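One file, upload27.txt, is given below (compact mmCIF, C-alpha atoms).
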```
# COMPACT_ATOMS: atom_id res chain seq x y z
CA MET A 86 -5.40 3.76 6.49
CA LEU A 87 -7.08 0.59 7.75
CA SER A 88 -8.07 -0.41 4.23
CA GLN A 89 -5.24 -1.72 2.07
CA PRO A 90 -4.35 0.02 -1.19
CA ARG A 91 -5.47 -1.88 -4.27
CA SER A 92 -1.86 -2.04 -5.43
CA GLY A 93 -0.92 -3.72 -2.15
CA LEU A 94 -3.63 -6.34 -2.50
CA LEU A 95 -2.68 -7.09 -6.09
CA ALA A 96 1.01 -7.36 -5.25
CA ALA A 97 0.52 -9.46 -2.11
CA TRP A 98 -1.91 -11.95 -3.60
CA GLY A 99 -0.09 -11.96 -6.93
CA ASN A 100 3.05 -12.98 -5.04
CA ALA A 101 1.15 -15.67 -3.14
CA LEU A 102 -0.14 -17.01 -6.46
CA LEU A 103 3.34 -17.06 -8.00
CA ALA A 104 4.64 -18.93 -4.94
CA GLY A 105 1.87 -21.52 -5.19
CA PHE A 106 0.23 -20.67 -1.85
CA VAL A 107 -3.18 -19.83 -3.35
CA SER A 108 -5.20 -20.70 -6.44
CA PRO A 109 -5.87 -18.16 -9.20
CA ASP A 110 -9.52 -17.91 -8.16
CA ASP A 111 -8.67 -17.28 -4.50
CA ALA A 112 -6.08 -14.67 -5.43
CA VAL A 113 -8.51 -12.77 -7.65
CA ILE A 114 -11.29 -12.89 -5.03
CA ALA A 115 -8.90 -11.40 -2.45
CA VAL A 116 -7.74 -8.65 -4.83
CA VAL A 117 -11.19 -7.65 -6.05
CA GLY A 118 -12.71 -7.56 -2.56
CA ASP A 119 -15.82 -5.37 -2.53
CA ASP A 120 -15.21 -4.03 -6.04
CA ALA A 121 -17.42 -5.27 -8.86
CA VAL A 122 -14.72 -6.21 -11.33
CA HIS A 123 -11.04 -5.73 -12.13
CA ARG A 124 -9.73 -5.81 -15.70
CA VAL A 125 -6.31 -5.23 -17.22
CA GLU A 126 -5.67 -3.40 -20.50
CA GLY A 127 -2.47 -2.99 -22.47
CA LEU A 128 -1.13 -6.52 -21.94
CA PRO A 129 1.21 -7.65 -24.72
CA GLY A 130 -0.67 -9.89 -27.11
CA GLU A 131 -4.12 -8.75 -26.01
CA ALA A 132 -6.22 -6.44 -28.20
CA GLY A 133 -8.38 -5.17 -25.35
CA PRO A 134 -9.01 -5.44 -21.61
CA VAL A 135 -8.97 -8.92 -20.07
CA GLY A 136 -10.02 -10.36 -16.73
CA LEU A 137 -7.64 -10.39 -13.79
CA THR A 138 -7.23 -14.17 -13.78
CA LEU A 139 -6.09 -14.24 -17.39
CA ALA A 140 -3.90 -11.17 -16.83
CA LEU A 141 -2.01 -12.68 -13.90
CA GLY A 142 -1.41 -15.85 -15.91
CA ARG A 143 -0.21 -13.87 -18.92
CA LEU A 144 2.17 -11.79 -16.81
CA ARG A 145 3.64 -14.97 -15.38
CA ALA A 146 4.15 -16.31 -18.89
CA LEU A 147 5.87 -13.05 -19.82
CA GLY A 148 8.47 -13.69 -17.11
CA VAL A 149 7.09 -11.94 -14.05
CA THR A 150 8.52 -13.47 -10.88
CA GLY A 151 7.13 -11.08 -8.26
CA TYR A 152 5.35 -7.82 -7.60
CA ARG A 153 6.35 -4.65 -5.76
CA ILE A 154 4.26 -1.56 -5.13
CA ALA A 155 4.76 2.19 -5.29
CA LEU A 156 2.86 4.80 -3.26
CA PRO A 157 4.12 8.09 -4.72
CA ALA A 158 3.12 11.55 -3.56
CA PRO A 159 4.06 14.99 -4.92
CA GLY A 160 7.79 15.43 -4.39
CA HIS A 161 8.22 11.83 -3.24
CA PRO A 162 8.37 9.17 -6.02
CA LEU A 163 8.25 6.36 -3.45
CA GLY A 164 8.79 2.96 -5.07
CA LEU A 165 9.02 4.22 -8.65
CA SER A 166 11.85 3.57 -11.11
CA GLY A 167 10.62 5.25 -14.31
CA PRO A 168 10.18 6.00 -17.10
CA PRO A 169 8.59 9.47 -16.64
CA GLU A 170 5.39 8.45 -18.42
CA PHE A 171 4.75 5.62 -15.99
CA ASN A 172 5.73 7.74 -13.00
CA ALA A 173 3.24 10.43 -14.01
CA ARG A 174 0.39 7.92 -14.27
CA ALA A 175 1.32 6.35 -10.95
CA LEU A 176 1.54 9.75 -9.24
CA GLU A 177 -1.92 10.65 -10.52
CA ALA A 178 -3.33 7.39 -9.14
CA GLU A 179 -1.15 7.64 -6.00
CA GLU A 180 -0.25 3.97 -6.35
CA ALA A 181 1.08 1.36 -8.77
CA VAL A 182 2.32 -2.21 -9.02
CA ILE A 183 5.74 -2.90 -10.54
CA ALA A 184 6.63 -6.38 -11.75
CA ALA A 185 9.93 -8.08 -11.03
CA GLY A 186 11.46 -10.24 -13.75
CA ALA A 187 9.78 -8.42 -16.65
CA PRO A 188 9.53 -4.68 -17.48
CA TYR A 189 5.84 -4.09 -16.77
CA GLY A 190 3.86 -2.00 -14.34
CA LEU A 191 0.17 -1.68 -13.51
CA VAL A 192 -1.64 1.53 -12.60
CA PRO A 193 -5.29 1.40 -11.44
CA GLU A 194 -8.04 3.60 -12.81
CA VAL A 195 -11.03 3.45 -10.46
CA SER A 196 -14.54 4.40 -11.58
CA ALA A 197 -18.08 4.10 -10.23
CA ALA A 198 -20.82 2.71 -12.44
CA GLY A 199 -24.58 2.33 -12.07
CA PRO A 200 -27.46 4.54 -10.98
CA ASP A 201 -27.41 6.69 -7.84
CA GLY A 202 -27.90 4.57 -4.77
CA ASP A 203 -26.84 1.40 -6.55
CA GLN A 204 -23.33 2.16 -7.74
CA HIS A 205 -20.50 -0.31 -7.92
CA VAL A 206 -16.77 0.18 -8.33
CA GLU A 207 -14.88 -1.01 -11.38
CA VAL A 208 -11.08 -1.01 -11.67
CA LEU A 209 -9.16 -0.92 -14.93
CA TRP A 210 -5.45 -1.64 -14.52
CA HIS A 211 -3.28 -0.06 -17.23
CA CYS A 212 -0.28 -2.24 -18.10
CA LEU A 213 2.65 -0.02 -19.10
CA PRO A 214 6.41 -0.44 -19.66
CA VAL A 215 8.65 0.31 -16.69
CA ARG A 216 12.38 0.75 -16.25
CA GLU A 217 14.13 -2.16 -14.55
CA ALA A 218 15.97 -0.30 -11.80
CA PRO A 219 15.96 -0.13 -7.98
CA PRO A 220 12.77 1.49 -6.64
CA ALA A 221 13.09 4.98 -5.20
CA ASP A 222 13.43 5.51 -1.43
CA VAL A 223 12.18 2.10 -0.27
CA PRO A 224 13.68 1.07 3.10
CA SER A 225 14.32 -2.42 4.37
CA LEU A 226 11.81 -3.85 6.82
CA GLY A 227 14.20 -3.27 9.70
CA GLU A 228 14.78 0.34 8.71
CA ALA A 229 11.05 0.92 8.28
CA GLU A 230 10.27 -0.52 11.71
CA ARG A 231 12.87 1.67 13.42
CA GLU A 232 11.70 4.78 11.54
CA LEU A 233 8.08 4.17 12.51
CA ALA A 234 8.87 3.76 16.19
CA GLU A 235 10.92 6.96 16.27
CA ALA A 236 8.44 9.00 14.22
CA LEU A 237 5.49 7.84 16.32
CA ARG A 238 7.24 8.77 19.56
CA GLU A 239 8.22 12.24 18.34
CA ALA A 240 4.83 12.97 16.78
CA THR A 241 2.89 11.81 19.84
CA GLU A 242 4.81 14.26 22.01
CA VAL A 243 4.08 17.18 19.66
CA LEU A 244 0.42 16.29 19.07
CA SER A 245 -0.25 15.83 22.76
CA ARG A 246 1.36 19.17 23.58
CA LEU A 247 -0.82 20.87 20.95
CA ASP A 248 -3.96 19.05 22.16
CA VAL A 249 -4.65 17.59 18.72
CA ALA A 250 -7.67 15.30 18.46
CA ALA A 251 -5.58 12.30 17.42
CA SER A 252 -4.01 12.17 20.87
CA GLY A 253 -7.32 12.02 22.77
CA PRO A 254 -10.41 9.82 23.25
CA VAL A 255 -11.44 9.91 19.58
CA ALA A 256 -8.16 8.26 18.68
CA GLU A 257 -8.50 5.71 21.46
CA ALA A 258 -11.98 4.71 20.28
CA ALA A 259 -10.76 4.29 16.70
CA LEU A 260 -7.76 2.31 17.84
CA ASP A 261 -9.99 0.05 19.97
CA ALA A 262 -12.04 -0.67 16.84
CA TYR A 263 -8.81 -1.35 14.95
CA ARG A 264 -7.64 -3.83 17.59
CA ALA A 265 -11.01 -5.59 17.63
CA ARG A 266 -10.93 -5.95 13.87
CA SER A 267 -7.41 -7.40 14.05
CA GLU A 268 -8.43 -9.85 16.76
CA ARG A 269 -11.23 -11.17 14.55
CA GLY A 270 -8.52 -12.66 12.34
CA ARG A 271 -8.17 -10.00 9.63
CA GLU A 272 -5.58 -11.29 7.17
CA VAL A 273 -3.12 -8.42 6.86
CA LEU A 274 -0.93 -9.94 4.15
CA ALA A 275 -1.23 -12.89 1.82
CA PRO A 276 0.42 -16.25 2.60
CA GLY A 277 4.17 -16.38 2.05
CA TYR A 278 5.11 -13.10 3.73
CA PRO A 279 7.51 -13.03 6.71
CA PRO A 280 6.01 -12.23 10.13
CA ARG A 281 8.05 -9.04 10.34
CA ALA A 282 6.33 -7.71 7.21
CA VAL A 283 2.95 -8.29 8.85
CA ARG A 284 4.10 -6.54 12.01
CA VAL A 285 5.47 -3.52 10.12
CA LEU A 286 2.33 -3.25 7.99
CA GLU A 287 0.07 -3.32 11.05
CA LEU A 288 2.13 -0.59 12.75
CA ALA A 289 2.11 1.53 9.58
CA GLN A 290 -1.68 1.19 9.32
CA ARG A 291 -2.10 2.14 12.97
CA ILE A 292 0.08 5.22 12.53
CA GLY A 293 -1.75 6.10 9.33
CA LEU A 294 -4.99 6.03 11.30
CA LEU A 295 -3.58 8.46 13.87
CA VAL A 296 -2.48 10.82 11.10
CA SER A 297 -5.92 10.66 9.48
CA LEU A 298 -7.62 11.39 12.79
CA ALA A 299 -5.36 14.36 13.41
CA TYR A 300 -6.27 15.81 10.04
CA GLU A 301 -9.98 14.97 10.03
CA HIS A 302 -11.24 15.57 13.59
CA GLY A 303 -10.52 19.22 14.19
CA HIS A 304 -7.58 21.11 15.56
CA GLY A 305 -7.99 20.46 19.28
CA GLY A 306 -6.08 23.15 21.11
CA ALA A 307 -3.94 24.01 18.07
CA VAL A 308 -5.70 27.24 17.25
CA SER A 309 -2.89 29.68 16.48
CA ALA A 310 -1.15 29.83 13.12
CA SER A 311 2.14 28.79 14.69
CA GLU A 312 0.54 25.81 16.43
CA MET A 313 -1.20 24.76 13.22
CA ALA A 314 2.13 24.93 11.41
CA ALA A 315 3.76 22.87 14.17
CA ARG A 316 1.06 20.25 13.83
CA GLY A 317 1.65 20.00 10.09
CA GLU A 318 5.39 19.75 10.63
CA ALA A 319 4.81 16.92 13.11
CA LEU A 320 2.48 14.97 10.86
CA ARG A 321 4.30 15.18 7.53
CA PRO A 322 7.34 13.06 8.45
CA VAL A 323 5.11 10.52 10.20
CA GLU A 324 2.90 10.21 7.14
CA ARG A 325 5.99 9.80 4.96
CA CYS A 326 7.40 7.12 7.26
CA ALA A 327 4.09 5.24 7.25
CA ARG A 328 3.97 5.21 3.45
CA ARG A 329 7.60 4.04 3.26
CA ALA A 330 6.79 1.25 5.71
CA LEU A 331 3.72 0.17 3.75
CA VAL A 332 5.81 -0.16 0.59
CA ALA A 333 8.55 -2.04 2.44
CA SER A 334 5.98 -4.47 3.84
CA TYR A 335 4.32 -5.30 0.53
CA ASN A 336 7.69 -5.49 -1.23
CA ALA A 337 9.17 -7.83 1.38
CA TYR A 338 8.28 -10.96 -0.61
CA VAL A 339 10.34 -9.87 -3.61
CA GLU A 340 13.17 -8.48 -1.49
CA GLU A 341 13.56 -11.74 0.44
CA ARG A 342 13.27 -13.88 -2.68
CA GLU A 343 16.04 -11.85 -4.32
CA ARG A 344 18.21 -12.46 -1.24
CA GLY A 345 17.63 -16.20 -1.67
CA MET A 346 15.28 -16.62 1.30
CA PRO A 347 12.35 -18.99 0.72
CA PRO A 348 8.74 -17.76 1.16
CA VAL A 349 7.14 -18.46 4.53
CA SER A 350 4.84 -21.47 4.30
```
Step by step, read the file and then write its structure as structure tokens.
Amino acid sequence: MLSQPRSGLLAAWGNALLAGFVSPDDAVIAVVGDDAVHRVEGLPGEAGPVGLTLALGRLRALGVTGYRIALPAPGHPLGLSGPPEFNARALEAEEAVIAAGAPYGLVPEVSAAGPDGDQHVEVLWHCLPVREAPPADVPSLGEAERELAEALREATEVLSRLDVAASGPVAEAALDAYRARSERGREVLAPGYPPRAVRVLELAQRIGLLVSLAYEHGHGGAVSASEMAARGEALRPVERCARRALVASYNAYVEERERGMPPVS
């Protein structure tokens, strides 16, 4: 979970653009990253897909004042507010951006184009109507930080007892690489976000890495069916907490603006 979800990048840099911290070109460069191109289809007043720069400007003209994200999973509509059609598309993509100030949402469709060995990624964002209502199951930053600390402590005890790979040297090597990358000045969030949002996002990414390692690098000493079940039971709430914290971090700009707190310059 070191890489940021595309919805998080779009929301964070879209918020920085709305606040005047970055130019449209800089915002789009940050959102697109290593992808070849991002386009948006379904915008009111547009007959077909348009570039991301034009789309962000059009959304602002339509009344958008901020962006939140959703990271839903089966049985957990995290960050969604409806209607069912939008929720279904977001669940299929496992992420979405929801605008504040106007009833629109964006769901990415990612595809690879080009010949084998020379493929590039294209993203088509589908603009769809959303219900203006509080997002589902999104904690405050303070709640998310407390949940992460508790979940990490409990999961570490269980994973260590079961000798899962994520509690051993493989995890330490990956975490060392994570720290080195952070120390090189990786920009975790766009300008304008409070320091606590950056801190919570970094912790959520670190915990997400531990969960991924536990799933991907073998079972360690957890060889019996009961131990495997215990490992799954330990990881599921941690994974859920990490996703909740990610959403809280990216949504912090809108939440603080709605409370009347100015963006961080």
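Closest to Glu207 in chain A among A:Ala229, A:Ala327, A:Ala236, A:Val195 is A:Val195, based on only C-alpha atoms.
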Practice item. Pick out the residues sitting within 8 Å of range 219-224 of chain A, and hand them over as JSON, numbers by chain; count all atoms listed in the file, and ignore anything fewer than 5 positions along from it in its own chain. Key: {"A": [162, 163, 164, 165, 166, 229, 329, 330, 332, 333]}
Now that the selection is made, can you save its residues with C-alpha atoms as an mmCIF file, in the coordinates of the input?
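Okay, this is what ended up in again38.cif:
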```
data_model
loop_
_atom_site.group_PDB
_atom_site.id
_atom_site.type_symbol
_atom_site.label_atom_id
_atom_site.label_comp_id
_atom_site.auth_asym_id
_atom_site.auth_seq_id
_atom_site.Cartn_x
_atom_site.Cartn_y
_atom_site.Cartn_z
ATOM 1 C CA PRO A 162 8.370 9.170 -6.020
ATOM 2 C CA LEU A 163 8.250 6.360 -3.450
ATOM 3 C CA GLY A 164 8.790 2.960 -5.070
ATOM 4 C CA LEU A 165 9.020 4.220 -8.650
ATOM 5 C CA SER A 166 11.850 3.570 -11.110
ATOM 6 C CA ALA A 229 11.050 0.920 8.280
ATOM 7 C CA ARG A 329 7.600 4.040 3.260
ATOM 8 C CA ALA A 330 6.790 1.250 5.710
ATOM 9 C CA VAL A 332 5.810 -0.160 0.590
ATOM 10 C CA ALA A 333 8.550 -2.040 2.440
#
```
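When only C-alpha atoms are used to measure the gap to Leu128 in chain A, the shortest distance among A:Gly202, A:Gly190, A:Gly167, A:Pro276 belongs to A:Gly190.
Omitting range 147-156 of chain A and its sequence neighbours fewer than 6 positions away, and counting only C-alpha atoms, the residues within 8 Å are A:Ser92, A:Gly93, A:Ala96, A:Ala97, A:Gly99, A:Asn100, A:Leu103, A:Pro162, A:Leu163, A:Gly164, A:Leu165, A:Ala175, A:Leu176, A:Glu179, A:Glu180, A:Ala181, A:Val182, A:Ile183, A:Ala184, A:Ala185, A:Gly186, A:Ala187, A:Arg328, A:Val332, A:Tyr335, A:Asn336, A:Tyr338, A:Val339.
Among A:Gly227, A:Asp120, A:Glu239, A:Gly130, the residue with the shortest atom-to-atom distance to Ala198 in chain A, counting only C-alpha atoms, is A:Asp120.
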Centre, x/y/z edge lengths, axis-aligned box for range 131-142 of chain A with 4 Å per side, as JSON:
```
{"center_x": -5.7, "center_y": -10.5, "center_z": -21.0, "size_x": 16.6, "size_y": 18.7, "size_z": 22.4}
```
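Taking CA of Leu288 in chain A as the reference point, CA of His123 in chain A is found at 28.6 Å.
Taking all atoms listed in the file into account, Val273 in chain A lies nearest to A:Ala115 out of the set A:Val125, A:Ala197, A:Ala115, A:Ala146.
Nearest residue to Gly118 in chain A among A:Ser297, A:Glu131, A:His211, A:Gln89 is A:Gln89, counting only C-alpha atoms.
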Exercise for review: Just the residues within 7 Å of Pro188 in chain A, please, counting all atoms listed in the file, with nothing from its chain fewer than 3 positions along; format it as an MDAnalysis selection string.
Suggested key: chainID A and resid 184 214:217
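In terms of minimum interatomic distance to Val206 in chain A, A:Glu194 ranks closest within A:Glu194, A:Glu324, A:Glu341, A:Glu230, counting all atoms listed in the file.
Coordinates place CA of Gly142 in chain A at a distance of 22.3 Å from CA of Phe171 in chain A.
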